[in-house]
Amino acid sequence: MGTLHVRPIPAFKDNYIWLLEGLDDPGIVAVVDPGQAAPVLGELAAGKRRLDAILLTHHHADHVGGAAELVAATGAAVFGPARERMPVECQGLHGGDRARLPSLGLEFEVIDVPGHTAGHIAYVGHDALFCGDTLFSASCGRLFEGTAEQMLSSLESLAALPDSTRVFCGHEYTVANLRFAMTVEPGNSEIVDYARRAGALRAANRPTLPSFVGLEKRVNPFLRSRLDNIRSSAENHAGVALSTPVAVFAAIRGWKDSF
C-alpha cells in the first residue's frame, strides 16, 4: 500500500482543511473539514484535481461551512457524524463504521470521540488520524457539548492508536498549547524541545502539523492526566484534592480555558 499524502489548505485565521491525494492517482482528492469552499476550489483549479469526497468530523461552521458549495461545484460524496446535523446530505457514520473512498484507494475507520461536540467523530487509517477539534497538538478541544468524562475517554481511545500515527487536527494552536503544557509540567524537557521546534516552524510560516500519537503522549497534559505529577500540578492550581483522573482532567481543562 502506498503512502497517504496529505496537504494543508489554510482557512480563516488558524484552521486547516486537509487535502488527501488518491493512492493511485493524486489528481483525485478528498478534503477533511472544509470550513470554506474558496481555498479548496482554488487548490483544485491550480492542481487540476477532482474532488471525490468530503469527510466531516463535527457540525461547527468553521469545519463544515464550505461543504454545500463544494458539493454543488464538484458532486463530491460527503461523510459525516450520524448524530449531528450537517449542512449537506451525507453518509452518517458511527464509531466502528468505515468511510470507503474507492476512487482514492482509501478507507478509514470511524471512532466516536464526543466531548467537544456531542456527536464528534474521527477518521483513522493509512497511518493517519483526522480528529477535528478533539485532540490538538499539546491540548484538546473545549467542552462545548460533552463532559470531561466523555472527552477523557475519547482522548484515551486516540492515545491507544500506534505511536507512529500522524495527527491531523483542525487548528494551528500548537505554540500556544505548548506554553500551557510547560506551565502544567515545567520539568518536561520534551515539551521545551517541541516548543522550540514549533516556534521555528511558525516563524518560517510552516505548519507544526501533523504531530504524532507517540509525541502527544509525551507532551500533551490532557493525555497525561493519570500521572502523579500532572495531578499534583492540577491540585496546586485548583487548591483542592483531585481524587480521580476525570477530576484532574476537568481541572486542567478549566485551567486552560482561562489561561
# chains A, B, ... in the order shown; residues from 1 in each chain; ligands from 1
>>> select_by_dssp(residues="range 13-178 of chain A", states="strand (DSSP E)", output="short mmCIF file (atom, residue, chain, number, x, y, z; two decimals) with N, CA, C and O atoms, in the first residue's frame")
data_model
loop_
_atom_site.label_atom_id
_atom_site.label_comp_id
_atom_site.auth_asym_id
_atom_site.auth_seq_id
_atom_site.Cartn_x
_atom_site.Cartn_y
_atom_site.Cartn_z
N ASN A 15 -7.43 27.74 10.90
CA ASN A 15 -7.94 26.41 10.54
C ASN A 15 -7.07 25.76 9.47
O ASN A 15 -6.45 26.45 8.67
N TYR A 16 -7.08 24.44 9.47
CA TYR A 16 -6.54 23.68 8.36
C TYR A 16 -7.64 22.81 7.77
O TYR A 16 -8.34 22.09 8.49
N ILE A 17 -7.80 22.89 6.46
CA ILE A 17 -8.56 21.92 5.69
C ILE A 17 -7.52 20.94 5.14
O ILE A 17 -6.53 21.36 4.53
N TRP A 18 -7.72 19.66 5.38
CA TRP A 18 -6.72 18.68 4.93
C TRP A 18 -7.12 18.10 3.59
O TRP A 18 -8.25 17.63 3.41
N LEU A 19 -6.18 18.13 2.64
CA LEU A 19 -6.40 17.57 1.31
C LEU A 19 -5.67 16.24 1.20
O LEU A 19 -4.46 16.17 1.45
N LEU A 20 -6.40 15.19 0.84
CA LEU A 20 -5.86 13.83 0.75
C LEU A 20 -5.78 13.45 -0.72
O LEU A 20 -6.76 13.57 -1.46
N GLU A 21 -4.61 12.98 -1.14
CA GLU A 21 -4.43 12.57 -2.52
C GLU A 21 -4.72 11.07 -2.68
O GLU A 21 -4.37 10.27 -1.81
N ILE A 28 -7.01 12.77 -8.02
CA ILE A 28 -8.31 12.55 -7.37
C ILE A 28 -8.10 12.73 -5.88
O ILE A 28 -7.24 12.09 -5.28
N VAL A 29 -8.88 13.63 -5.27
CA VAL A 29 -8.60 14.03 -3.89
C VAL A 29 -9.87 14.03 -3.05
O VAL A 29 -10.99 14.01 -3.55
N ALA A 30 -9.64 14.06 -1.73
CA ALA A 30 -10.70 14.27 -0.74
C ALA A 30 -10.24 15.40 0.17
O ALA A 30 -9.04 15.72 0.24
N VAL A 31 -11.18 16.02 0.88
CA VAL A 31 -10.82 17.03 1.86
C VAL A 31 -11.52 16.72 3.18
O VAL A 31 -12.61 16.13 3.20
N VAL A 32 -10.89 17.14 4.26
CA VAL A 32 -11.43 16.97 5.60
C VAL A 32 -11.78 18.34 6.17
O VAL A 32 -10.94 19.25 6.19
N ARG A 50 -9.56 16.61 -9.07
CA ARG A 50 -11.00 16.35 -8.97
C ARG A 50 -11.34 15.97 -7.53
O ARG A 50 -10.77 15.02 -6.99
N LEU A 51 -12.28 16.70 -6.93
CA LEU A 51 -12.71 16.40 -5.56
C LEU A 51 -13.73 15.29 -5.59
O LEU A 51 -14.81 15.44 -6.17
N ASP A 52 -13.39 14.18 -4.93
CA ASP A 52 -14.25 12.99 -4.96
C ASP A 52 -15.03 12.82 -3.66
O ASP A 52 -16.12 12.26 -3.67
N ALA A 53 -14.48 13.29 -2.53
CA ALA A 53 -15.14 13.04 -1.24
C ALA A 53 -14.80 14.14 -0.24
O ALA A 53 -13.74 14.77 -0.31
N ILE A 54 -15.71 14.32 0.70
CA ILE A 54 -15.56 15.27 1.80
C ILE A 54 -15.82 14.52 3.10
O ILE A 54 -16.84 13.83 3.24
N LEU A 55 -14.88 14.61 4.04
CA LEU A 55 -15.03 14.00 5.35
C LEU A 55 -15.25 15.10 6.38
O LEU A 55 -14.44 16.03 6.48
N ALA A 77 -18.98 13.11 -2.84
CA ALA A 77 -19.70 12.41 -1.78
C ALA A 77 -19.28 12.98 -0.43
O ALA A 77 -18.14 13.43 -0.26
N VAL A 78 -20.21 12.95 0.54
CA VAL A 78 -19.93 13.53 1.86
C VAL A 78 -20.15 12.47 2.93
O VAL A 78 -21.15 11.75 2.91
N PHE A 79 -19.22 12.42 3.88
CA PHE A 79 -19.32 11.56 5.04
C PHE A 79 -19.29 12.45 6.28
O PHE A 79 -18.54 13.43 6.33
N GLY A 80 -20.08 12.10 7.29
CA GLY A 80 -20.11 12.91 8.49
C GLY A 80 -20.70 12.17 9.66
O GLY A 80 -21.16 11.02 9.53
N PRO A 81 -20.71 12.80 10.85
CA PRO A 81 -21.22 12.15 12.05
C PRO A 81 -22.74 11.96 11.97
O PRO A 81 -23.49 12.89 11.68
N GLN A 91 -23.42 10.64 4.15
CA GLN A 91 -23.49 9.31 4.74
C GLN A 91 -23.14 9.44 6.21
O GLN A 91 -22.01 9.76 6.56
N GLY A 92 -24.13 9.19 7.08
CA GLY A 92 -23.92 9.34 8.51
C GLY A 92 -23.17 8.16 9.09
O GLY A 92 -23.53 7.00 8.84
N LEU A 93 -22.14 8.45 9.87
CA LEU A 93 -21.26 7.41 10.38
C LEU A 93 -21.23 7.40 11.90
O LEU A 93 -21.26 8.46 12.54
N ARG A 98 -17.03 2.38 8.60
CA ARG A 98 -15.87 2.67 7.76
C ARG A 98 -16.28 3.65 6.66
O ARG A 98 -17.37 3.51 6.08
N ALA A 99 -15.42 4.60 6.41
CA ALA A 99 -15.61 5.53 5.30
C ALA A 99 -14.76 5.02 4.14
O ALA A 99 -13.53 5.04 4.22
N ARG A 100 -15.41 4.54 3.09
CA ARG A 100 -14.70 3.95 1.97
C ARG A 100 -14.67 4.94 0.80
O ARG A 100 -15.72 5.42 0.36
N LEU A 101 -13.47 5.20 0.31
CA LEU A 101 -13.26 6.12 -0.80
C LEU A 101 -12.56 5.34 -1.92
O LEU A 101 -11.34 5.46 -2.11
N LEU A 106 -8.70 4.57 -0.66
CA LEU A 106 -8.59 4.85 0.77
C LEU A 106 -9.80 4.31 1.52
O LEU A 106 -10.92 4.25 0.99
N GLU A 107 -9.56 3.95 2.77
CA GLU A 107 -10.63 3.52 3.66
C GLU A 107 -10.25 3.89 5.08
O GLU A 107 -9.10 3.67 5.51
N PHE A 108 -11.18 4.47 5.81
CA PHE A 108 -10.92 4.93 7.18
C PHE A 108 -11.91 4.31 8.16
O PHE A 108 -13.10 4.21 7.87
N GLU A 109 -11.39 3.95 9.31
CA GLU A 109 -12.25 3.54 10.42
C GLU A 109 -12.74 4.78 11.14
O GLU A 109 -12.01 5.77 11.28
N VAL A 110 -13.96 4.72 11.61
CA VAL A 110 -14.56 5.85 12.33
C VAL A 110 -14.53 5.56 13.82
O VAL A 110 -14.85 4.45 14.26
N ILE A 111 -14.14 6.55 14.61
CA ILE A 111 -14.12 6.46 16.06
C ILE A 111 -15.03 7.54 16.62
O ILE A 111 -14.93 8.71 16.23
N ASP A 112 -15.92 7.17 17.53
CA ASP A 112 -16.73 8.17 18.24
C ASP A 112 -15.85 8.88 19.26
O ASP A 112 -15.20 8.23 20.10
N ILE A 121 -16.84 12.80 15.52
CA ILE A 121 -16.17 11.56 15.12
C ILE A 121 -14.76 11.88 14.62
O ILE A 121 -14.44 13.02 14.30
N ALA A 122 -13.94 10.85 14.57
CA ALA A 122 -12.59 10.94 13.99
C ALA A 122 -12.44 9.83 12.97
O ALA A 122 -13.13 8.81 13.02
N TYR A 123 -11.51 10.05 12.04
CA TYR A 123 -11.23 9.08 10.99
C TYR A 123 -9.79 8.62 11.14
O TYR A 123 -8.87 9.45 11.26
N VAL A 124 -9.57 7.31 11.10
CA VAL A 124 -8.21 6.79 11.24
C VAL A 124 -7.96 5.72 10.18
O VAL A 124 -8.81 4.87 9.92
N GLY A 125 -6.80 5.81 9.56
CA GLY A 125 -6.41 4.84 8.56
C GLY A 125 -5.17 5.32 7.83
O GLY A 125 -4.84 6.51 7.84
N ALA A 128 -2.77 7.56 9.62
CA ALA A 128 -3.16 8.95 9.80
C ALA A 128 -4.44 9.03 10.62
O ALA A 128 -5.31 8.14 10.55
N LEU A 129 -4.55 10.09 11.40
CA LEU A 129 -5.73 10.37 12.22
C LEU A 129 -6.22 11.77 11.90
O LEU A 129 -5.45 12.74 11.98
N PHE A 130 -7.49 11.88 11.55
CA PHE A 130 -8.13 13.17 11.32
C PHE A 130 -9.15 13.36 12.43
O PHE A 130 -10.21 12.72 12.45
N CYS A 131 -8.80 14.24 13.39
CA CYS A 131 -9.53 14.27 14.66
C CYS A 131 -10.24 15.59 14.92
O CYS A 131 -10.69 15.83 16.05
N GLY A 132 -10.35 16.45 13.91
CA GLY A 132 -11.11 17.68 14.09
C GLY A 132 -10.64 18.50 15.27
O GLY A 132 -9.46 18.86 15.38
N LEU A 135 -8.60 16.22 19.59
CA LEU A 135 -7.19 16.24 20.01
C LEU A 135 -6.47 17.31 19.22
O LEU A 135 -6.49 17.30 17.98
N PHE A 136 -5.84 18.24 19.92
CA PHE A 136 -4.91 19.18 19.30
C PHE A 136 -3.50 18.79 19.70
O PHE A 136 -3.30 18.07 20.68
N SER A 139 -2.78 19.69 23.32
CA SER A 139 -4.01 20.12 24.02
C SER A 139 -5.20 19.30 23.51
O SER A 139 -5.04 18.26 22.87
N CYS A 140 -6.39 19.79 23.80
CA CYS A 140 -7.63 19.18 23.32
C CYS A 140 -8.67 20.27 23.15
O CYS A 140 -8.47 21.42 23.55
N ARG A 166 0.08 9.63 12.39
CA ARG A 166 0.17 11.07 12.19
C ARG A 166 -1.15 11.72 12.63
O ARG A 166 -2.23 11.22 12.29
N VAL A 167 -1.05 12.82 13.35
CA VAL A 167 -2.22 13.50 13.90
C VAL A 167 -2.48 14.77 13.11
O VAL A 167 -1.70 15.73 13.16
N PHE A 168 -3.59 14.78 12.37
CA PHE A 168 -4.02 15.94 11.59
C PHE A 168 -5.25 16.55 12.27
O PHE A 168 -6.37 16.06 12.08
N CYS A 169 -5.03 17.57 13.07
CA CYS A 169 -6.15 18.20 13.77
C CYS A 169 -6.58 19.47 13.03
O CYS A 169 -6.00 19.85 12.01
#
>>> select_by_dssp(residues="range 21-249 of chain A", states="helix (DSSP H, G or I)", output="count of residues only")
89
>>> closest_residue(among="A:Ala138, A:Val240, A:Ala247, A:Ala195", to="Val219 in chain A", atoms="only C-alpha atoms")
A:Ala138
>>> atom_distance(atom1="CA of Gln36 in chain A", atom2="CA of Pro8 in chain A")
13.2 Å
>>> closest_residue(among="A:Val113, A:Gly22, A:Arg179, A:His120", to="Asp193 in chain A", atoms="only C-alpha atoms")
A:Arg179
>>> residues_around(residues="range 150-158 of chain A", least_positions_apart="5", cutoff="8 Å", atoms="only C-alpha atoms", output="NGL selection string")
:A and (112-116 or 134-135 or 143 or 213 or 222-223 or 246 or 249)
>>> closest_residue(among="A:Asn220, A:Ser103, A:Thr57, A:Ser137", to="Arg85 in chain A", atoms="only C-alpha atoms")
A:Thr57
>>> closest_residue(among="A:Lys13, A:His237, A:Arg83, A:Arg253", to="Thr147 in chain A", atoms="only C-alpha atoms")
A:Arg253
>>> atom_distance(atom1="CA of Ser232 in chain A", atom2="CA of Tyr194 in chain A")
22.9 Å
>>> closest_residue(among="A:Asn188, A:Thr165, A:Asn205, A:Thr183", to="Ala234 in chain A", atoms="only C-alpha atoms")
A:Thr183
>>> atom_distance(atom1="CA of Gly65 in chain A", atom2="CA of Gly35 in chain A")
4.4 Å
>>> residues_around(residues="Pro39 in chain A", least_positions_apart="6", cutoff="8 Å", atoms="only C-alpha atoms", output="PyMOL selection string")
chain A and resi 9-11
>>> residues_around(residues="Arg231 in chain A", least_positions_apart="2", cutoff="12 Å", atoms="only C-alpha atoms", output="ChimeraX atom specification")
/A:184-185,221-222,224-229,233-252
>>> closest_residue(among="A:Ala37, A:Ala159, A:Leu56, A:Cys90", to="Asp133 in chain A", atoms="only C-alpha atoms")
A:Leu56
>>> residues_around(residues="Ala38 in chain A", least_positions_apart="3", cutoff="10 Å", atoms="only C-alpha atoms", output="PyMOL selection string")
chain A and resi 11+34-35+41-44+66+69-70
>>> write_last_selection(atoms="N, CA and C atoms", output="PDB file, in the first residue's frame")
ATOM      1  N   ALA A  11      -7.244  28.027   6.186  1.00  0.00           N
ATOM      2  CA  ALA A  11      -8.553  28.679   6.095  1.00  0.00           C
ATOM      3  C   ALA A  11      -8.762  29.536   7.342  1.00  0.00           C
ATOM      4  N   PRO A  34     -13.920  21.108   5.382  1.00  0.00           N
ATOM      5  CA  PRO A  34     -13.791  22.345   4.619  1.00  0.00           C
ATOM      6  C   PRO A  34     -14.705  23.448   5.158  1.00  0.00           C
ATOM      7  N   GLY A  35     -14.172  24.262   6.053  1.00  0.00           N
ATOM      8  CA  GLY A  35     -14.953  25.374   6.593  1.00  0.00           C
ATOM      9  C   GLY A  35     -15.233  26.445   5.562  1.00  0.00           C
ATOM     10  N   LEU A  41     -11.494  25.209  -3.730  1.00  0.00           N
ATOM     11  CA  LEU A  41     -11.703  25.359  -5.167  1.00  0.00           C
ATOM     12  C   LEU A  41     -10.448  25.902  -5.843  1.00  0.00           C
ATOM     13  N   GLY A  42      -9.764  26.820  -5.164  1.00  0.00           N
ATOM     14  CA  GLY A  42      -8.515  27.342  -5.709  1.00  0.00           C
ATOM     15  C   GLY A  42      -7.454  26.267  -5.834  1.00  0.00           C
ATOM     16  N   GLU A  43      -7.364  25.415  -4.822  1.00  0.00           N
ATOM     17  CA  GLU A  43      -6.386  24.320  -4.845  1.00  0.00           C
ATOM     18  C   GLU A  43      -6.730  23.314  -5.940  1.00  0.00           C
ATOM     19  N   LEU A  44      -8.009  23.025  -6.112  1.00  0.00           N
ATOM     20  CA  LEU A  44      -8.427  22.084  -7.159  1.00  0.00           C
ATOM     21  C   LEU A  44      -8.064  22.629  -8.537  1.00  0.00           C
ATOM     22  N   GLY A  66     -18.057  25.232   4.097  1.00  0.00           N
ATOM     23  CA  GLY A  66     -17.855  25.205   2.657  1.00  0.00           C
ATOM     24  C   GLY A  66     -18.381  23.966   1.971  1.00  0.00           C
ATOM     25  N   GLU A  69     -21.243  24.317  -0.919  1.00  0.00           N
ATOM     26  CA  GLU A  69     -20.725  24.905  -2.157  1.00  0.00           C
ATOM     27  C   GLU A  69     -19.821  23.925  -2.899  1.00  0.00           C
ATOM     28  N   LEU A  70     -19.028  23.174  -2.159  1.00  0.00           N
ATOM     29  CA  LEU A  70     -18.146  22.196  -2.803  1.00  0.00           C
ATOM     30  C   LEU A  70     -18.936  21.070  -3.453  1.00  0.00           C
TER      31      LEU A  70
END
